[in-house]
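Q: Pasting protein_35.txt here (compact mmCIF, C-alpha atoms):
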# COMPACT_ATOMS: atom_id res chain seq x y z
CA MET X 1 169.36 119.38 204.96
CA LYS X 2 166.54 118.35 207.32
CA ARG X 3 164.50 116.98 204.41
CA LEU X 4 167.51 115.10 203.07
CA LEU X 5 168.09 113.52 206.49
CA GLN X 6 164.43 112.51 206.76
CA THR X 7 164.58 110.93 203.30
CA LEU X 8 167.72 108.98 204.17
CA ILE X 9 166.15 107.72 207.42
CA PHE X 10 163.08 106.66 205.43
CA PHE X 11 165.23 104.78 202.92
CA LEU X 12 167.19 103.07 205.67
CA ALA X 13 163.98 102.01 207.39
CA ILE X 14 162.61 100.52 204.18
CA GLY X 15 165.88 98.73 203.51
CA VAL X 16 165.81 97.10 206.95
CA LEU X 17 162.11 96.32 207.31
CA SER X 18 161.01 95.13 203.89
CA PRO X 19 162.47 93.43 200.82
CA ILE X 20 163.33 95.73 197.93
CA HIS X 21 162.13 94.38 194.60
CA ALA X 22 163.42 95.50 191.23
CA THR X 23 161.72 96.02 187.88
CA THR X 24 163.46 95.48 184.56
CA ILE X 25 162.70 97.98 181.81
CA LEU X 26 163.15 96.15 178.51
CA ILE X 27 164.15 98.03 175.38
CA TYR X 28 163.59 96.68 171.87
CA HIS X 29 164.29 98.33 168.54
CA LYS X 30 163.45 96.26 165.44
CA ILE X 31 161.42 93.05 165.38
CA GLY X 32 161.75 90.59 162.50
CA ASP X 33 163.91 92.87 160.34
CA ASN X 34 166.92 90.82 159.24
CA ARG X 35 168.48 93.70 157.31
CA THR X 36 169.98 95.09 160.53
CA PRO X 37 170.83 92.12 162.76
CA SER X 38 172.61 94.21 165.42
CA THR X 39 169.37 95.95 166.42
CA ASN X 40 166.92 93.21 165.53
CA VAL X 41 165.08 90.49 167.46
CA SER X 42 163.42 87.69 165.52
CA VAL X 43 159.66 87.33 165.73
CA THR X 44 160.14 83.83 167.17
CA LYS X 45 162.37 85.06 169.98
CA PHE X 46 160.12 88.02 170.71
CA ARG X 47 157.12 85.74 171.08
CA GLN X 48 159.11 83.38 173.30
CA GLN X 49 160.06 86.26 175.58
CA MET X 50 156.51 87.56 175.84
CA GLU X 51 155.32 84.01 176.58
CA TYR X 52 158.01 83.63 179.25
CA LEU X 53 156.70 86.69 181.06
CA LYS X 54 153.21 85.21 181.11
CA THR X 55 154.08 81.66 182.12
CA HIS X 56 156.42 82.87 184.88
CA ASN X 57 153.86 85.28 186.32
CA TYR X 58 155.59 88.57 185.62
CA THR X 59 153.56 91.74 186.06
CA VAL X 60 153.97 93.91 182.96
CA LEU X 61 153.67 97.48 184.19
CA PRO X 62 152.91 100.57 182.14
CA LEU X 63 155.90 102.90 182.28
CA SER X 64 153.72 105.63 183.80
CA GLN X 65 152.75 103.32 186.66
CA LEU X 66 156.36 102.43 187.38
CA VAL X 67 157.34 106.12 187.41
CA ASN X 68 154.53 106.91 189.84
CA MET X 69 155.52 104.04 192.12
CA ILE X 70 159.13 105.21 192.23
CA ARG X 71 158.08 108.81 192.81
CA GLU X 72 155.73 107.81 195.64
CA ARG X 73 158.14 105.19 197.08
CA LYS X 74 155.58 102.41 196.71
CA PRO X 75 156.95 98.85 196.81
CA LEU X 76 157.39 97.35 193.37
CA PRO X 77 155.98 93.91 192.50
CA LYS X 78 158.20 90.94 193.25
CA LYS X 79 158.46 90.08 189.54
CA SER X 80 157.77 92.84 187.03
CA VAL X 81 158.92 94.38 183.77
CA VAL X 82 158.18 97.38 181.57
CA ILE X 83 158.27 96.97 177.77
CA THR X 84 159.64 99.82 175.67
CA PHE X 85 160.57 100.25 172.02
CA ASP X 86 162.97 102.89 170.74
CA ASP X 87 162.93 104.69 167.38
CA GLY X 88 159.41 103.80 166.23
CA TYR X 89 160.39 101.39 163.49
CA ARG X 90 157.63 100.07 161.26
CA SER X 91 158.59 96.50 162.10
CA VAL X 92 157.23 97.07 165.61
CA TYR X 93 153.76 97.57 164.17
CA GLU X 94 154.09 94.89 161.51
CA ASN X 95 155.74 92.14 163.57
CA ALA X 96 155.42 92.88 167.29
CA PHE X 97 152.14 94.71 167.78
CA GLY X 98 149.96 91.67 167.09
CA ILE X 99 151.86 89.66 169.70
CA ILE X 100 151.60 92.51 172.21
CA LYS X 101 147.82 92.68 171.67
CA GLU X 102 147.55 88.92 172.01
CA PHE X 103 149.11 89.04 175.48
CA GLY X 104 147.44 92.35 176.42
CA TYR X 105 150.69 94.00 177.52
CA PRO X 106 151.14 97.75 177.95
CA ILE X 107 153.98 99.25 175.92
CA THR X 108 155.76 102.58 175.49
CA VAL X 109 157.23 103.58 172.12
CA PHE X 110 159.83 106.35 171.99
CA ILE X 111 159.83 108.11 168.63
CA PRO X 112 162.32 110.53 167.04
CA THR X 113 159.66 112.83 165.66
CA GLU X 114 161.53 114.08 162.60
CA ALA X 115 161.43 110.55 161.16
CA ILE X 116 157.67 110.37 161.67
CA GLU X 117 157.00 113.91 160.49
CA LYS X 118 159.00 113.44 157.28
CA HIS X 119 157.61 109.95 156.60
CA TYR X 120 160.93 108.10 156.58
CA PRO X 121 160.15 104.71 155.00
CA ASP X 122 161.36 102.44 157.83
CA TYR X 123 159.38 104.29 160.48
CA LEU X 124 155.80 104.14 161.71
CA THR X 125 153.15 105.97 159.76
CA PHE X 126 150.61 108.23 161.44
CA LYS X 127 147.92 105.66 160.65
CA GLN X 128 149.90 102.91 162.37
CA ILE X 129 150.57 105.11 165.38
CA GLU X 130 146.88 105.89 165.72
CA ALA X 131 146.02 102.19 165.60
CA MET X 132 148.53 101.52 168.36
CA ARG X 133 147.29 104.45 170.42
CA ARG X 134 143.72 103.16 170.20
CA TYR X 135 144.98 99.93 171.73
CA GLY X 136 146.59 101.94 174.53
CA ALA X 137 150.22 102.13 173.45
CA ASP X 138 151.99 105.11 175.00
CA PHE X 139 154.11 107.25 172.66
CA GLU X 140 156.85 109.36 174.17
CA CYS X 141 159.82 111.54 173.20
CA HIS X 142 163.04 110.24 171.68
CA SER X 143 164.15 113.73 170.58
CA TYR X 144 163.43 115.34 167.23
CA ALA X 145 166.51 114.66 165.08
CA HIS X 146 168.13 111.82 167.09
CA HIS X 147 171.50 113.55 167.54
CA HIS X 148 174.41 112.28 169.62
CA MET X 149 173.51 114.82 172.29
CA ALA X 150 176.24 114.01 174.81
CA PHE X 151 179.01 115.15 172.48
CA ILE X 152 179.42 118.90 172.15
CA PRO X 153 179.53 120.04 168.50
CA LYS X 154 182.85 121.55 167.53
CA GLY X 155 183.06 125.28 168.15
CA PHE X 156 179.96 125.45 170.37
CA SER X 157 180.00 127.48 173.57
CA GLN X 158 178.23 126.06 176.60
CA LYS X 159 175.29 128.38 175.91
CA GLN X 160 175.09 127.34 172.25
CA TYR X 161 175.29 123.70 173.24
CA ARG X 162 172.43 123.99 175.73
CA ASN X 163 170.28 125.85 173.19
CA TRP X 164 170.99 123.19 170.55
CA ILE X 165 169.64 120.46 172.83
CA LYS X 166 166.75 122.62 174.01
CA LYS X 167 165.59 123.52 170.51
CA ASP X 168 165.65 119.89 169.40
CA LEU X 169 163.55 118.75 172.35
CA GLU X 170 161.15 121.69 171.98
CA LYS X 171 160.55 120.73 168.34
CA SER X 172 159.71 117.20 169.44
CA ILE X 173 157.36 118.44 172.17
CA ALA X 174 155.63 120.72 169.64
CA PHE X 175 155.13 117.72 167.34
CA PHE X 176 153.40 115.77 170.10
CA LYS X 177 151.11 118.67 170.95
CA LYS X 178 150.20 119.27 167.30
CA HIS X 179 149.57 115.69 166.22
CA PHE X 180 148.61 113.87 169.41
CA GLY X 181 147.25 116.63 171.61
CA TYR X 182 149.51 116.13 174.63
CA LYS X 183 152.95 116.96 175.95
CA PRO X 184 155.21 113.90 176.33
CA LYS X 185 156.08 113.01 179.92
CA PHE X 186 159.08 110.78 179.33
CA PHE X 187 162.29 111.20 177.35
CA ALA X 188 164.50 108.34 176.13
CA ILE X 189 167.93 109.73 175.30
CA PRO X 190 169.11 109.00 171.73
CA TYR X 191 171.81 106.31 171.70
CA GLY X 192 171.62 106.31 175.50
CA GLU X 193 174.36 108.98 175.53
CA TYR X 194 174.09 111.69 178.16
CA ASN X 195 175.92 114.18 180.31
CA LYS X 196 174.78 116.67 182.94
CA THR X 197 173.75 119.27 180.35
CA VAL X 198 171.52 116.79 178.49
CA ILE X 199 169.87 115.76 181.75
CA ASP X 200 169.50 119.34 183.03
CA VAL X 201 167.90 120.59 179.80
CA ALA X 202 165.46 117.67 179.71
CA LYS X 203 164.51 118.33 183.34
CA SER X 204 163.98 122.03 182.63
CA LEU X 205 161.48 121.15 179.91
CA GLY X 206 159.35 119.23 182.40
CA PHE X 207 160.02 115.60 181.55
CA GLU X 208 158.95 113.47 184.51
CA ALA X 209 161.40 110.66 183.76
CA ILE X 210 164.51 110.28 181.61
CA LEU X 211 165.51 106.87 180.32
CA THR X 212 169.01 105.74 179.35
CA GLN X 213 170.41 102.63 177.73
CA ASP X 214 172.57 101.76 180.71
CA PRO X 215 172.00 98.10 181.63
CA GLY X 216 170.37 97.12 184.91
CA ALA X 217 167.09 97.02 186.77
CA VAL X 218 165.33 99.82 188.67
CA SER X 219 163.99 100.11 192.21
CA ILE X 220 162.43 102.83 194.34
CA TYR X 221 165.97 104.17 194.85
CA THR X 222 166.64 104.73 191.15
CA PRO X 223 166.75 108.42 190.13
CA LEU X 224 163.90 109.18 187.76
CA TYR X 225 166.32 111.14 185.58
CA LEU X 226 168.57 108.09 185.05
CA LEU X 227 166.32 105.08 184.52
CA PRO X 228 168.34 102.17 183.09
CA ARG X 229 166.97 99.74 180.53
CA GLU X 230 168.05 96.32 179.35
CA ALA X 231 168.57 96.17 175.60
CA ILE X 232 167.20 93.05 173.91
CA LEU X 233 168.79 92.89 170.47
CA GLY X 234 171.38 91.29 168.24
CA LYS X 235 172.81 87.79 168.30
CA ASN X 236 173.81 87.54 171.96
CA TRP X 237 171.52 89.96 173.75
CA SER X 238 168.28 88.55 172.33
CA THR X 239 168.79 84.95 173.47
CA MET X 240 166.49 83.44 176.06
CA LYS X 241 169.52 82.78 178.25
CA HIS X 242 170.35 86.48 178.32
CA PHE X 243 166.69 87.44 178.71
CA ILE X 244 166.27 85.24 181.79
CA GLN X 245 169.59 86.39 183.22
CA ILE X 246 168.77 90.09 183.12
CA LEU X 247 165.36 89.47 184.71
CA ARG X 248 167.17 88.10 187.76
CA GLU X 249 169.41 91.12 188.28
CA GLU X 250 168.81 93.54 191.13
CA TYR X 251 169.31 97.29 191.38
CA LEU X 252 172.26 98.35 193.53
CA PRO X 253 171.40 101.54 195.47
CA ILE X 254 174.29 103.98 195.69
CA THR X 255 174.60 107.48 197.14
CA LYS X 256 177.67 108.79 195.33
CA ARG X 257 179.45 108.00 192.05
CA VAL X 258 183.18 108.53 191.62
CA PRO X 259 183.58 109.98 189.06
CA ASP X 260 180.04 111.26 188.58
CA TYR X 261 178.27 110.74 185.27
CA GLY X 262 178.95 113.10 182.39
CA ILE X 263 181.95 114.87 180.91
CA GLN X 264 185.41 114.04 182.29
CA LYS X 265 188.30 116.35 181.45
CA THR X 266 190.88 114.00 182.97
CA THR X 267 191.11 110.26 183.48
CA PRO X 268 189.79 109.37 186.95
CA LEU X 269 192.34 107.86 189.33
CA THR X 270 189.67 106.44 191.66
CA ILE X 271 186.55 104.73 190.32
CA GLY X 272 183.78 103.56 192.64
CA ALA X 273 180.66 104.44 194.60
CA ASN X 274 179.16 104.62 198.08
CA LEU X 275 176.65 101.85 198.79
CA LEU X 276 173.39 102.92 200.41
CA PHE X 277 173.05 99.62 202.29
CA PRO X 278 176.64 98.34 202.59
CA ASP X 279 175.75 95.53 205.02
CA ASN X 280 173.44 93.96 202.42
CA TYR X 281 176.17 93.24 199.88
CA ASP X 282 179.50 91.53 199.43
CA ARG X 283 181.80 90.37 196.62
CA CYS X 284 181.75 93.78 194.94
CA GLY X 285 183.55 94.73 191.77
CA VAL X 286 184.04 97.66 189.44
CA TYR X 287 183.60 97.44 185.68
CA VAL X 288 184.78 100.04 183.15
CA SER X 289 184.16 99.51 179.44
CA GLU X 290 187.79 99.74 178.34
CA LEU X 291 189.36 98.44 181.56
CA GLY X 292 187.18 95.39 182.14
CA TYR X 293 186.10 94.01 185.50
CA HIS X 294 188.20 94.32 188.68
CA LYS X 295 187.59 93.18 192.22
CA ALA X 296 186.79 96.22 194.35
CA ARG X 297 188.52 97.45 197.44
CA ARG X 298 186.25 98.52 200.28
CA GLU X 299 186.47 101.25 202.89
CA GLY X 300 183.24 101.38 204.89
CA SER X 301 180.43 101.95 202.38
CA PHE X 302 182.83 102.99 199.60
CA VAL X 303 183.75 100.32 197.03
CA PHE X 304 186.38 101.29 194.47
CA ILE X 305 189.46 100.58 192.40
CA ARG X 306 192.55 102.68 191.80
CA ASN X 307 193.19 103.40 188.13
CA THR X 308 196.51 104.10 186.41
CA LYS X 309 195.45 103.69 182.77
CA LYS X 310 194.37 106.62 180.61
CA LEU X 311 190.85 106.28 179.23
CA LYS X 312 191.03 106.72 175.46
CA ARG X 313 187.51 105.98 174.25
CA PRO X 314 185.01 108.81 173.67
CA LYS X 315 182.72 107.25 176.27
CA ASP X 316 182.85 104.57 178.94
CA ARG X 317 180.24 102.86 181.04
CA ILE X 318 181.11 102.31 184.67
CA ALA X 319 179.36 99.71 186.80
CA ILE X 320 179.44 98.70 190.42
CA THR X 321 178.44 95.07 190.90
CA CYS X 322 177.81 93.31 194.20
CA VAL X 323 176.08 90.15 195.38
CA ASP X 324 172.93 90.59 197.46
CA LYS X 325 173.61 88.47 200.55
CA LYS X 326 169.98 87.48 201.12
CA LYS X 327 168.79 86.97 197.56
CA LYS X 328 172.11 85.60 196.27
CA ARG X 329 171.65 87.67 193.16
CA ILE X 330 173.84 90.13 191.30
CA ALA X 331 172.98 93.79 191.94
CA VAL X 332 174.34 96.39 189.52
CA ASN X 333 174.44 100.12 189.00
CA TYR X 334 175.75 101.60 185.73
CA TRP X 335 176.45 105.14 184.64
CA LEU X 336 178.06 106.82 181.62
CA ILE X 337 181.09 109.07 181.43
CA ILE X 338 182.08 111.13 178.38
CA ASN X 339 185.83 111.54 177.96
CA GLN X 340 186.11 115.01 176.46
CA PRO X 341 189.35 116.57 177.80
CA ASN X 342 189.29 119.63 175.54
CA TRP X 343 185.94 120.96 176.76
Do you think you could lay out the structure here as structure tokens?
A:
Amino acid sequence: MKRLLQTLIFFLAIGVLSPIHATTILIYHKIGDNRTPSTNVSVTKFRQQMEYLKTHNYTVLPLSQLVNMIRERKPLPKKSVVITFDDGYRSVYENAFGIIKEFGYPITVFIPTEAIEKHYPDYLTFKQIEAMRRYGADFECHSYAHHHMAFIPKGFSQKQYRNWIKKDLEKSIAFFKKHFGYKPKFFAIPYGEYNKTVIDVAKSLGFEAILTQDPGAVSIYTPLYLLPREAILGKNWSTMKHFIQILREEYLPITKRVPDYGIQKTTPLTIGANLLFPDNYDRCGVYVSELGYHKARREGSFVFIRNTKKLKRPKDRIAITCVDKKKKRIAVNYWLIINQPNW
């Protein structure tokens, strides 16, 4: 309790005395692969985005540096990004790697190791991975088999479910040790789908940071086990307009989610969160995937809506959005709930 109080006082002091900058973690999948337009970004657009970062003086941080800065509560640069790729598709080597080398940017590639181990044709080869590693590319864990981990397989007990996740991640860790000689430090959750069991198992295996696919930026207040990333892909989310827009978003620090992330057995009647610095924000709203956006009510630091509609989708993303009074920018905080009433 004493340590928690000291931490809160420290956070409050930082929030009052110094500006809090945010970093955007970008996530790409395929580059220049028109066969799958929903996960693809054209080579032209990718180059434009990398050029934009340079000409607008963005610091491109290695993921490991960002994690250390958050862990040590060091102020983040005023304008910064981290570049990540999920799945380890061959198009990243063939169409993006040359551009990355040209600009000298650090990157992290999250690989589902079964696809690499079994030489699936659309995925990176060992030779390509080694070439990227010599450049300095960081390869990290994206599970072994790329399951939908947040959804409990039918008939599984809680113990069986935990062991299923644990064995998959252990196989991926063993792959890294065997082929690359190190244990991965970071875990990007397949499909960005998670619940408390997925997070707890990943933590227990020693991952220093866990990355989602929730939209939004990160700051020193972001939990290292729920790092959001902005997906750049498809027709609408790969445009320069969208790219510039997400770079301007701020992270909204909160202290409590209602409901919390993970499995929900019943539809929540109240949806909201406590703001860490309530005086810094106004014009708050609550977004739920299948309910849309609603203006939030406010009671002290708690911003919320009352809900009367049953949530029917397997999963929903919830977001709290507010306007930073000083910066005049949108600040957001997303999390995922899994609607699984029979568990």
Q: Just checking: using all atoms listed in the file, which residue out of X:Gln340, X:Thr108, X:Asn236, X:Ser219 ends up closest to X:Ser38?
A: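 Ranking X:Gln340, X:Thr108, X:Asn236, X:Ser219 by distance to X:Ser38, first place goes to X:Asn236.
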Q: Between atom CA of X:Leu61 and atom CA of X:Ser91, what is the spacing in Å?
A: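 So the two atoms, atom CA of X:Ser91 and atom CA of X:Leu61, lie 22.7 Å apart.
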Q: Could you please determine the separation between atom CA of X:Ile199 and atom CA of X:Lys30 in Å, to one decimal place?
A: 26.2 Å
Q: When you draw a straight line from atom CA of X:Tyr191 to atom CA of X:Ile99, how long is it in Å?
A: 26.1 Å
Q: From the options X:Tyr89, X:Tyr161, X:Phe126, X:Tyr144, which residue's atoms come nearest to X:Ile189, counting all atoms listed in the file?
A: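 Counting all atoms listed in the file, the residue closest to X:Ile189 is X:Tyr144.
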Q: Take the point (166.9, 115.7, 182.8) as written in the file and pick out every residue within 12 Å of it, counting all atoms listed in the file; give the list as JSON, numbers by chain.
A: {"X": [165, 166, 169, 185, 186, 187, 188, 189, 194, 195, 196, 197, 198, 199, 200, 201, 202, 203, 204, 205, 206, 207, 208, 209, 210, 211, 212, 223, 224, 225, 226, 227]}
